[in-house]
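Okay, upload.tsv now, which holds TSV, C-alpha atoms and all ligand atoms:
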```tsv
chain	number	residue	atom	x	y	z
A	1153	MET	CA	31.92	0.88	3.46
A	1154	GLU	CA	28.88	2.26	5.25
A	1155	GLU	CA	25.67	0.55	4.19
A	1156	VAL	CA	22.17	1.32	5.46
A	1157	THR	CA	19.13	-0.94	5.23
A	1158	ALA	CA	15.64	0.49	5.58
A	1159	SER	CA	12.37	-1.37	5.32
A	1160	SER	CA	8.73	-0.45	4.91
A	1161	PRO	CA	5.65	-2.61	5.46
A	1162	GLY	CA	2.85	-3.04	2.94
A	1163	LYS	CA	-0.74	-2.17	3.81
A	1164	VAL	CA	-4.37	-3.11	3.54
A	1165	ILE	CA	-7.10	-0.52	3.25
A	1166	LEU	CA	-9.64	-1.88	5.74
A	1167	PHE	CA	-12.40	0.60	4.78
A	1168	GLY	CA	-12.79	3.61	2.50
A	1169	GLU	CA	-10.63	3.12	-0.61
A	1170	HIS	CA	-11.77	5.37	-3.49
A	1171	SER	CA	-14.09	7.44	-1.25
A	1172	VAL	CA	-10.87	8.68	0.45
A	1173	VAL	CA	-9.88	10.29	-2.87
A	1174	HIS	CA	-13.13	12.33	-2.61
A	1175	GLY	CA	-12.50	13.81	0.83
A	1176	LYS	CA	-14.03	11.02	2.92
A	1177	PRO	CA	-12.12	9.27	5.71
A	1178	ALA	CA	-10.57	5.79	5.42
A	1179	ILE	CA	-9.06	3.24	7.79
A	1180	ALA	CA	-5.87	1.42	6.81
A	1181	ALA	CA	-3.40	-0.92	8.49
A	1182	SER	CA	0.24	-1.82	7.94
A	1183	ILE	CA	0.93	-5.52	7.37
A	1184	ASN	CA	3.79	-7.87	8.29
A	1185	THR	CA	5.04	-8.12	4.72
A	1186	ARG	CA	7.90	-5.77	3.89
A	1187	THR	CA	10.14	-4.20	1.23
A	1188	TYR	CA	13.87	-3.72	1.99
A	1189	VAL	CA	16.25	-1.18	0.48
A	1190	ASP	CA	20.05	-1.20	1.05
A	1191	ALA	CA	21.88	2.03	0.24
A	1192	TRP	CA	25.61	2.79	0.02
A	1193	ARG	CA	27.82	5.38	-1.66
A	1194	ASN	CA	29.65	4.49	-4.87
A	1195	GLU	CA	32.61	6.04	-6.67
A	1196	GLU	CA	30.73	6.92	-9.85
A	1197	LYS	CA	28.22	9.76	-10.03
A	1198	GLY	CA	24.54	8.93	-10.50
A	1199	ILE	CA	22.13	6.44	-8.98
A	1200	LYS	CA	22.47	2.72	-9.51
A	1201	ILE	CA	19.53	0.49	-8.65
A	1202	GLU	CA	19.57	-3.28	-8.34
A	1203	ALA	CA	16.31	-5.11	-7.84
A	1204	ASP	CA	17.21	-8.75	-7.44
A	1205	ASP	CA	14.32	-10.09	-5.43
A	1206	ILE	CA	11.08	-8.20	-5.81
A	1207	LYS	CA	8.82	-11.19	-6.37
A	1208	VAL	CA	9.35	-10.75	-10.09
A	1209	PRO	CA	12.60	-11.58	-11.90
A	1210	GLY	CA	15.32	-9.04	-11.17
A	1211	LEU	CA	16.98	-6.36	-13.20
A	1212	THR	CA	19.69	-3.74	-12.90
A	1213	LEU	CA	19.23	-0.20	-14.07
A	1214	SER	CA	21.52	2.83	-13.90
A	1215	PHE	CA	20.48	6.46	-14.09
A	1216	LYS	CA	23.19	8.85	-15.31
A	1217	GLU	CA	22.60	12.46	-16.21
A	1218	ASP	CA	18.95	11.69	-16.91
A	1219	GLN	CA	19.84	8.70	-19.06
A	1220	ILE	CA	18.43	5.35	-18.06
A	1221	ILE	CA	20.76	2.43	-18.76
A	1222	MET	CA	18.77	-0.79	-18.65
A	1223	GLU	CA	20.86	-3.92	-18.26
A	1224	ALA	CA	17.85	-6.22	-18.27
A	1225	ASP	CA	14.13	-5.72	-18.46
A	1226	TYR	CA	11.76	-8.08	-16.76
A	1227	GLY	CA	8.36	-6.42	-17.25
A	1228	LYS	CA	6.62	-5.55	-14.02
A	1229	ALA	CA	9.85	-4.91	-12.10
A	1230	ALA	CA	10.54	-1.86	-14.25
A	1231	GLU	CA	7.43	-0.13	-12.90
A	1232	ILE	CA	8.81	0.28	-9.42
A	1233	LEU	CA	11.96	2.03	-10.59
A	1234	GLY	CA	10.16	5.29	-11.33
A	1235	TYR	CA	9.16	5.35	-7.65
A	1236	VAL	CA	12.74	4.74	-6.51
A	1237	LYS	CA	14.22	7.43	-8.76
A	1238	ASN	CA	11.63	10.03	-7.71
A	1239	ALA	CA	11.97	9.12	-4.04
A	1240	VAL	CA	15.78	9.42	-4.09
A	1241	ASP	CA	15.61	12.75	-5.95
A	1242	LEU	CA	13.36	14.18	-3.19
A	1243	VAL	CA	15.98	13.35	-0.55
A	1244	LEU	CA	18.84	14.64	-2.71
A	1245	GLU	CA	17.07	18.02	-2.95
A	1246	LYS	CA	17.74	18.36	0.78
A	1247	THR	CA	21.51	17.76	0.65
A	1248	ASN	CA	24.70	18.14	-1.41
A	1249	LEU	CA	25.75	14.80	-2.75
A	1250	ASP	CA	29.46	14.43	-3.58
A	1251	SER	CA	29.33	10.78	-4.67
A	1252	GLY	CA	26.99	8.35	-6.39
A	1253	ILE	CA	24.48	6.17	-4.57
A	1254	SER	CA	23.77	2.49	-5.05
A	1255	LEU	CA	20.52	0.94	-3.95
A	1256	SER	CA	19.54	-2.69	-3.76
A	1257	ILE	CA	15.86	-3.58	-3.43
A	1258	SER	CA	14.19	-6.77	-2.31
A	1259	SER	CA	10.55	-7.21	-1.47
A	1260	ASP	CA	8.10	-9.71	-0.08
A	1261	ILE	CA	5.15	-7.58	-1.28
A	1262	PRO	CA	3.84	-8.71	-4.66
A	1263	VAL	CA	4.14	-5.86	-7.19
A	1264	GLY	CA	0.85	-4.28	-8.29
A	1265	ALA	CA	-1.36	-6.35	-6.00
A	1266	GLY	CA	-2.95	-3.46	-4.09
A	1267	LEU	CA	-0.82	-4.12	-1.00
A	1268	GLY	CA	1.20	-0.91	-1.24
A	1269	SER	CA	4.29	-2.18	-3.10
A	1270	SER	CA	4.92	1.25	-4.72
A	1271	ALA	CA	4.55	3.21	-1.49
A	1272	ALA	CA	6.76	0.65	0.30
A	1273	VAL	CA	9.59	0.98	-2.20
A	1274	ALA	CA	9.30	4.80	-2.11
A	1275	ASN	CA	9.26	4.93	1.71
A	1276	ALA	CA	12.15	2.49	2.15
A	1277	SER	CA	14.27	4.30	-0.49
A	1278	ILE	CA	13.63	7.67	1.19
A	1279	ALA	CA	14.48	6.24	4.63
A	1280	ALA	CA	17.66	4.46	3.47
A	1281	VAL	CA	19.07	7.39	1.48
A	1282	SER	CA	18.22	10.02	4.11
A	1283	GLU	CA	19.85	7.89	6.84
A	1284	LEU	CA	22.95	7.34	4.67
A	1285	LEU	CA	23.30	11.06	3.90
A	1286	GLY	CA	22.46	12.32	7.39
A	1287	VAL	CA	19.16	13.99	6.42
A	1288	GLU	CA	16.91	13.83	9.49
A	1289	LEU	CA	13.34	12.74	8.76
A	1290	ASP	CA	10.77	11.30	11.13
A	1291	ASN	CA	8.36	8.59	9.94
A	1292	ARG	CA	5.57	11.05	9.22
A	1293	GLU	CA	7.91	13.13	7.01
A	1294	ILE	CA	9.02	9.94	5.21
A	1295	GLY	CA	5.33	9.20	4.50
A	1296	GLU	CA	4.80	12.74	3.21
A	1297	LEU	CA	7.74	12.41	0.80
A	1298	GLY	CA	6.36	8.98	-0.16
A	1299	HIS	CA	3.08	10.75	-1.02
A	1300	LYS	CA	4.95	13.32	-3.16
A	1301	THR	CA	6.65	10.43	-4.97
A	1302	GLU	CA	3.29	8.78	-5.70
A	1303	LEU	CA	1.89	12.09	-6.97
A	1304	SER	CA	4.82	12.53	-9.40
A	1305	VAL	CA	4.62	8.96	-10.72
A	1306	GLN	CA	0.86	8.27	-10.66
A	1307	GLY	CA	-0.49	11.79	-10.95
A	1308	SER	CA	-3.06	11.13	-8.22
A	1309	SER	CA	-2.93	9.64	-4.74
A	1310	SER	CA	-4.82	10.32	-1.50
A	1311	GLY	CA	-1.55	9.71	0.40
A	1312	ILE	CA	-3.04	7.09	2.69
A	1313	ASP	CA	-0.73	4.26	1.56
A	1314	PRO	CA	2.67	5.94	2.13
A	1315	LEU	CA	1.45	7.44	5.41
A	1316	VAL	CA	0.08	4.29	7.06
A	1317	GLN	CA	3.09	2.33	5.83
A	1318	ALA	CA	5.49	4.95	7.26
A	1319	VAL	CA	3.89	5.21	10.71
A	1320	GLY	CA	2.66	1.59	11.13
A	1321	GLY	CA	-0.36	0.26	13.03
A	1322	ILE	CA	-3.95	1.13	12.18
A	1323	ILE	CA	-4.87	4.70	11.22
A	1324	TYR	CA	-7.96	6.77	10.54
A	1325	TYR	CA	-7.05	9.12	7.67
A	1326	LYS	CA	-8.76	12.11	6.15
A	1327	ASP	CA	-7.40	14.83	3.84
A	1328	GLY	CA	-3.76	14.26	4.79
A	1329	GLU	CA	-4.40	14.20	8.55
A	1330	PHE	CA	-4.42	10.99	10.55
A	1331	THR	CA	-5.22	9.58	13.99
A	1332	GLU	CA	-3.69	6.35	15.25
A	1333	LEU	CA	-6.42	3.92	16.30
A	1334	PRO	CA	-5.93	1.56	19.26
A	1335	PHE	CA	-4.03	-1.48	17.98
A	1336	LYS	CA	-6.25	-4.56	17.73
A	1337	GLU	CA	-5.38	-7.98	16.31
A	1338	ILE	CA	-7.60	-8.49	13.29
A	1339	PRO	CA	-7.32	-12.05	11.98
A	1340	ILE	CA	-7.40	-11.68	8.20
A	1341	VAL	CA	-6.38	-13.69	5.17
A	1342	ILE	CA	-5.57	-11.82	1.97
A	1343	GLY	CA	-6.61	-13.34	-1.36
A	1344	TYR	CA	-4.58	-12.33	-4.43
A	1345	THR	CA	-6.35	-12.66	-7.79
A	1346	GLY	CA	-3.00	-12.76	-9.61
A	1347	ASN	CA	-4.14	-9.84	-11.77
A	1348	LYS	CA	-3.16	-6.23	-11.43
A	1349	GLY	CA	-5.53	-3.28	-11.31
A	1350	ASN	CA	-4.33	0.07	-12.63
A	1351	THR	CA	-4.87	2.53	-9.74
A	1352	THR	CA	-4.61	5.70	-11.84
A	1353	LYS	CA	-7.12	4.39	-14.40
A	1354	LEU	CA	-9.58	3.12	-11.76
A	1355	VAL	CA	-9.49	6.42	-9.84
A	1356	LYS	CA	-10.17	8.28	-13.10
A	1357	GLU	CA	-13.09	5.97	-13.98
A	1358	VAL	CA	-14.71	6.59	-10.59
A	1359	ASN	CA	-14.23	10.34	-11.12
A	1360	ASN	CA	-15.94	10.12	-14.50
A	1361	ARG	CA	-18.90	8.18	-13.08
A	1362	LEU	CA	-19.28	10.77	-10.32
A	1363	GLU	CA	-19.30	13.61	-12.83
A	1364	GLU	CA	-21.74	11.84	-15.16
A	1365	ASP	CA	-24.21	10.74	-12.50
A	1366	PRO	CA	-23.75	12.72	-9.29
A	1367	GLU	CA	-27.29	12.01	-7.95
A	1368	ILE	CA	-26.59	8.27	-7.93
A	1369	MET	CA	-22.86	8.16	-7.24
A	1370	SER	CA	-22.45	10.86	-4.55
A	1371	PRO	CA	-24.70	9.06	-2.02
A	1372	ILE	CA	-22.56	5.92	-2.50
A	1373	ILE	CA	-19.42	7.89	-1.61
A	1374	GLU	CA	-21.29	9.46	1.35
A	1375	SER	CA	-22.34	6.00	2.62
A	1376	MET	CA	-18.75	4.77	2.37
A	1377	GLY	CA	-17.69	7.67	4.58
A	1378	ASP	CA	-20.45	6.77	7.08
A	1379	LEU	CA	-19.23	3.15	7.18
A	1380	VAL	CA	-15.73	4.36	8.03
A	1381	GLU	CA	-17.10	6.44	10.94
A	1382	LYS	CA	-19.03	3.38	12.21
A	1383	SER	CA	-15.99	1.14	12.06
A	1384	ARG	CA	-13.84	3.79	13.76
A	1385	LYS	CA	-16.18	3.59	16.77
A	1386	LEU	CA	-15.71	-0.19	16.88
A	1387	PHE	CA	-11.92	0.22	16.92
A	1388	GLU	CA	-12.10	2.85	19.63
A	1389	ASN	CA	-14.51	0.84	21.81
A	1390	GLU	CA	-15.28	-2.85	21.75
A	1391	LEU	CA	-14.44	-4.54	18.46
A	1392	GLU	CA	-17.76	-6.29	17.87
A	1393	GLN	CA	-16.72	-8.84	15.28
A	1394	ASN	CA	-20.08	-9.42	13.59
A	1395	LYS	CA	-20.67	-5.69	13.17
A	1396	LEU	CA	-17.17	-5.18	11.76
A	1397	GLY	CA	-17.72	-8.06	9.28
A	1398	SER	CA	-21.06	-6.65	8.21
A	1399	ILE	CA	-19.50	-3.22	7.50
A	1400	MET	CA	-16.89	-4.95	5.31
A	1401	ASN	CA	-19.60	-6.69	3.30
A	1402	ILE	CA	-21.53	-3.46	2.76
A	1403	ASN	CA	-18.33	-1.62	1.81
A	1404	HIS	CA	-17.59	-4.30	-0.81
A	1405	GLY	CA	-21.10	-3.93	-2.23
A	1406	LEU	CA	-20.65	-0.17	-2.53
A	1407	LEU	CA	-17.25	-0.61	-4.20
A	1408	SER	CA	-18.94	-2.94	-6.71
A	1409	SER	CA	-21.52	-0.22	-7.37
A	1410	LEU	CA	-18.68	2.20	-8.09
A	1411	GLY	CA	-17.53	-0.27	-10.74
A	1412	VAL	CA	-14.14	-1.24	-9.28
A	1413	SER	CA	-14.77	-4.91	-8.46
A	1414	ASN	CA	-14.61	-7.72	-11.01
A	1415	LYS	CA	-15.45	-11.42	-11.26
A	1416	GLU	CA	-12.12	-12.66	-9.85
A	1417	LEU	CA	-12.47	-10.45	-6.78
A	1418	SER	CA	-16.14	-11.30	-6.27
A	1419	ASP	CA	-15.42	-15.03	-6.57
A	1420	LEU	CA	-12.87	-14.78	-3.76
A	1421	VAL	CA	-15.14	-12.54	-1.66
A	1422	TYR	CA	-18.10	-14.96	-1.83
A	1423	ALA	CA	-15.95	-18.10	-1.46
A	1424	THR	CA	-14.42	-16.75	1.77
A	1425	ARG	CA	-17.81	-15.81	3.22
A	1426	GLU	CA	-19.08	-19.32	2.48
A	1427	ALA	CA	-15.98	-20.71	4.22
A	1428	GLY	CA	-16.89	-18.86	7.42
A	1429	ALA	CA	-15.40	-15.37	7.10
A	1430	LEU	CA	-17.39	-12.80	9.08
A	1431	GLY	CA	-16.80	-10.24	6.36
A	1432	SER	CA	-14.78	-9.78	3.19
A	1433	LYS	CA	-14.13	-7.08	0.64
A	1434	LEU	CA	-11.73	-6.00	-2.05
A	1435	THR	CA	-8.85	-3.90	-0.77
A	1436	GLY	CA	-6.96	-1.13	-2.59
A	1437	ALA	CA	-7.91	0.15	-6.01
A	1438	GLY	CA	-9.68	-3.03	-7.22
A	1439	GLY	CA	-9.92	-4.16	-10.85
A	1440	GLY	CA	-7.80	-7.19	-9.82
A	1441	GLY	CA	-5.23	-7.16	-7.04
A	1442	CYS	CA	-6.41	-8.34	-3.64
A	1443	MET	CA	-9.34	-8.85	-1.30
A	1444	TYR	CA	-9.21	-9.66	2.38
A	1445	ALA	CA	-11.40	-11.81	4.59
A	1446	PHE	CA	-11.94	-11.20	8.29
A	1447	CYS	CA	-11.98	-14.72	9.66
A	1448	PRO	CA	-11.31	-15.28	13.38
A	1449	ASP	CA	-10.62	-19.04	13.97
A	1450	LYS	CA	-11.25	-19.83	10.31
A	1451	GLN	CA	-7.98	-18.85	8.63
A	1452	GLU	CA	-7.18	-22.34	7.34
A	1453	GLU	CA	-10.65	-22.92	5.87
A	1454	VAL	CA	-10.64	-19.46	4.29
A	1455	SER	CA	-7.15	-19.98	2.77
A	1456	THR	CA	-8.30	-23.24	1.21
A	1457	ALA	CA	-11.44	-21.56	-0.14
A	1458	ILE	CA	-9.29	-18.84	-1.77
A	1459	GLU	CA	-7.15	-21.48	-3.48
A	1460	ILE	CA	-10.16	-23.45	-4.72
A	1461	ALA	CA	-11.70	-20.24	-6.10
A	1462	GLY	CA	-8.52	-19.62	-8.14
A	1463	GLY	CA	-6.68	-17.11	-5.93
A	1464	THR	CA	-3.48	-17.15	-3.88
A	1465	PRO	CA	-3.87	-16.84	-0.12
A	1466	ILE	CA	-1.39	-14.52	1.60
A	1467	LEU	CA	-1.12	-15.15	5.32
A	1468	THR	CA	0.02	-11.99	7.01
A	1469	GLY	CA	-0.88	-10.00	10.10
A	1470	ILE	CA	-1.45	-6.38	10.99
A	1471	SER	CA	1.89	-4.77	11.88
A	1472	LYS	CA	2.56	-2.18	14.58
A	1473	GLU	CA	5.82	-1.24	12.93
A	1474	GLY	CA	6.13	1.30	10.15
A	1475	VAL	CA	9.35	2.24	8.35
A	1476	LYS	CA	12.49	1.21	10.21
A	1477	ILE	CA	16.22	1.16	9.74
A	1478	GLU	CA	17.62	-2.30	10.24
A	1479	ARG	CA	19.89	-5.05	9.03
A	1480	ARG	CA	18.18	-7.90	7.28
A	1481	GLU	CA	19.02	-11.36	8.74
B	1	LIG	C1	-5.37	3.26	-2.21
B	1	LIG	O1	-4.69	2.03	-1.95
B	1	LIG	C2	-6.42	3.08	-3.24
B	1	LIG	C3	-7.19	4.33	-3.66
B	1	LIG	O2	-8.02	4.78	-2.57
B	1	LIG	C4	-6.31	5.45	-4.19
B	1	LIG	C5	-5.71	6.38	-3.17
B	1	LIG	O3	-6.20	6.47	-2.02
B	1	LIG	O4	-4.72	7.06	-3.53
B	1	LIG	C6	-8.12	3.88	-4.78
```

Please re-express this file's structure in structure tokens.
Ligand code: MEV
Amino acid sequence: MEEVTASSPGKVILFGEHSVVHGKPAIAASINTRTYVDAWRNEEKGIKIEADDIKVPGLTLSFKEDQIIMEADYGKAAEILGYVKNAVDLVLEKTNLDSGISLSISSDIPVGAGLGSSAAVANASIAAVSELLGVELDNREIGELGHKTELSVQGSSSGIDPLVQAVGGIIYYKDGEFTELPFKEIPIVIGYTGNKGNTTKLVKEVNNRLEEDPEIMSPIIESMGDLVEKSRKLFENELEQNKLGSIMNINHGLLSSLGVSNKELSDLVYATREAGALGSKLTGAGGGGCMYAFCPDKQEEVSTAIEIAGGTPILTGISKEGVKIERRE
């Protein structure tokens, strides 16, 4: 039986989360931590999804004629299934399916940590099912369908996560358009608070603050956009490490002013700076989730500092590779 495996990396937003929702640019990078989706045809009609290893206990769900049959429910894992179902439906719109499809998901990206677990599962599902059914999509098109999936499930999304995760590397992104930046090794350590922020809710809260107090809040969003332009120049020319670190610190301060940081994130941010990081900031929507520290030659010290401050260090690197079709070893 033909079986296809597709994988998608996770991501970190290096600069510009939240302001990107308001038309400003952002810079994001794919990371070496991936989600895998196997797809094969089955005899029954409908879509069957198994999620055995997604860094939360597994479950099996079946969708039949709009009915969801849940064989087990293990909390957080259920959240990703809306993304899978929507992603598969978008591919099925492009073809005539004469059988059922089974999907099996496994992931090294913690769910709901701000590292792009939802976009990764959407991208990898789209890539696996389109490859299985002979629907030709390039990586950019996979990212665009990943964005549509996020819009249906979350209601709002700038599209930066599915796009950077589909194409890989480091990108400068603005209003759906992107430019690949020259690939540079950026030694980072991610710190996971263990808590989850709700992206939809946080984006809405920032919107509300902007509407209530535009004189104060709009300049913050403007400054975030300016920081992204400054860091873009560093990527395109010489990557002056101290300058890059300083932009991260300012960006974190501005995100705090928007109201999307919290004590857990700030504790990790300050602990990593004290341990020698050149810069550190929250990454993604905030309200929990993750921060990252830019720490050339200090990764061990910074990891220890994250643990002492109550977080979980995630050692990963920036990845050149976006979505790919492969066999898992
Ligand atoms: C992306 O990881 C986080 C936000 O910028 C939302 C978005 O861009 O869709 C807050």

Query - All residues 8 Å or closer to Ser1270 in chain A, all atoms listed in the file, same chain fewer than 5 positions away omitted, as a ChimeraX atom specification - result: /A:1232,1235,1263-1264,1302

Report task. Work out how far CA of Ser1308 in chain A is from atom C3 of ligand LIG 1 (chain B), in Å to one decimal. Result -> 9.2 Å

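The interatomic distance for the pair CA of Gly1346 in chain A and CA of Val1421 in chain A works out to 14.5 Å.
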
List all protein, DNA and RNA residues that have an atom no more than 6 Å from any atom of ligand LIG 1 (chain B), counting only C-alpha atoms and all ligand atoms, and report them as a compact mmCIF listing (two decimals) with C-alpha atoms, in the coordinates of the input.
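Writing done, so here's part.txt:
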```txt
# COMPACT_ATOMS: atom_id res chain seq x y z
CA GLU A 1169 -10.63 3.12 -0.61
CA HIS A 1170 -11.77 5.37 -3.49
CA VAL A 1172 -10.87 8.68 0.45
CA VAL A 1173 -9.88 10.29 -2.87
CA SER A 1309 -2.93 9.64 -4.74
CA SER A 1310 -4.82 10.32 -1.50
CA GLY A 1311 -1.55 9.71 0.40
CA ILE A 1312 -3.04 7.09 2.69
CA ASP A 1313 -0.73 4.26 1.56
CA VAL A 1355 -9.49 6.42 -9.84
CA GLY A 1436 -6.96 -1.13 -2.59
CA ALA A 1437 -7.91 0.15 -6.01
```

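Note that CA of Asn1291 in chain A and CA of Thr1468 in chain A are 22.4 Å apart.
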
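Residue nearest Thr1456 in chain A, chosen from A:Ile1477, A:Ala1178, A:Ile1342, A:Val1358 and counting all atoms listed in the file: A:Ile1342.
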
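Each of A:Asn1350, A:Leu1410, A:Ser1259, A:Pro1448 was compared to Pro1366 in chain A using only C-alpha atoms, and A:Leu1410 turns out to be the nearest.
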
Mind listing whatever residues come within 7 Å of the point (5.3, 2.2, 10.1)? Use all atoms listed in the file, file coordinates, and give them as a PDB file with C-alpha atoms, in the coordinates of the input.
```
ATOM      1  CA  SER A1160       8.730  -0.450   4.910  1.00  0.00           C
ATOM      2  CA  PRO A1161       5.650  -2.610   5.460  1.00  0.00           C
ATOM      3  CA  SER A1182       0.240  -1.820   7.940  1.00  0.00           C
ATOM      4  CA  VAL A1316       0.080   4.290   7.060  1.00  0.00           C
ATOM      5  CA  GLN A1317       3.090   2.330   5.830  1.00  0.00           C
ATOM      6  CA  ALA A1318       5.490   4.950   7.260  1.00  0.00           C
ATOM      7  CA  VAL A1319       3.890   5.210  10.710  1.00  0.00           C
ATOM      8  CA  GLY A1320       2.660   1.590  11.130  1.00  0.00           C
ATOM      9  CA  GLY A1321      -0.360   0.260  13.030  1.00  0.00           C
ATOM     10  CA  LYS A1472       2.560  -2.180  14.580  1.00  0.00           C
ATOM     11  CA  GLU A1473       5.820  -1.240  12.930  1.00  0.00           C
ATOM     12  CA  GLY A1474       6.130   1.300  10.150  1.00  0.00           C
ATOM     13  CA  VAL A1475       9.350   2.240   8.350  1.00  0.00           C
TER      14      VAL A1475
END
```

Query raised in the report: Which residue, A:Glu1332, A:Glu1155, A:Asp1327, A:Glu1296, has the smallest gap to Ser1256 in chain A when you use only C-alpha atoms?
Result: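 So, comparing all the options, the nearest one is A:Glu1155.
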
Query raised in the report: Which of these, A:His1404, A:Lys1476, A:Lys1300, A:Lys1353, has the shortest distance to Leu1166 in chain A once you count all atoms listed in the file?
Result: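 Nearest candidate to Leu1166 in chain A out of A:His1404, A:Lys1476, A:Lys1300, A:Lys1353: A:His1404.
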
Report task. Please check which residues have atoms at most 9 Å from (-16.8, -1.8, -3.8) in the file's coordinates, counting only C-alpha atoms, and write them as number ranges by chain. Result -> A: 1169-1170, 1402-1413, 1433-1435, 1438

Query raised in the report: Using all atoms listed in the file, which residues sit within 7 Å of Cys1442 in chain A once same-chain residues fewer than 2 positions away are excluded, as a list in words?
Result: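 Listing them by chain and then by number gives Ala1265, Gly1266, Ile1342, Gly1343, Tyr1344, Thr1345, Leu1434, Thr1435, Gly1440 and Tyr1444 of chain A.
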
How big is the axis-aligned box around all listed atoms of range 1457-1470 of chain A once 8 Å goes on each side, and where's its centre, in Å to one decimal, as lines of an AutoDock Vina configuration file?
```
center_x = -5.8
center_y = -14.9
center_z = 1.4
size_x = 27.7
size_y = 33.1
size_z = 35.1
```

Report task. Would you mind telling me which residue in A:Ile1460, A:Ala1272, A:Ala1203, A:Val1341 lies nearest to Met1443 in chain A when using all atoms listed in the file? Result -> A:Val1341

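By only C-alpha atoms, and with residues fewer than 5 positions from Gly1469 in chain A along its chain excluded, the set lying at most 10 Å from it is Ala1181, Ser1182, Ile1183, Asn1184, Thr1185, Glu1337, Ile1338, Pro1339, Ile1340, Val1341 and Ile1342 of chain A.
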
Report task. Name all residues at most 8 Å from range 1242-1251 of chain A (count only C-alpha atoms; drop same-chain ones fewer than 6 positions away) and give them as a list in words. Result ->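 Near neighbours after the sequence-gap exclusion: Arg1193, Asn1194, Glu1195, Glu1196, Lys1197, Gly1198, Ile1278, Val1281, Ser1282, Leu1285, Val1287, Leu1297 and Thr1301 of chain A.
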
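Each of A:Tyr1422, A:Trp1192, A:Phe1330, A:Tyr1325 was checked against Pro1177 in chain A using all atoms listed in the file; the smallest atom-to-atom distance is that of A:Tyr1325.
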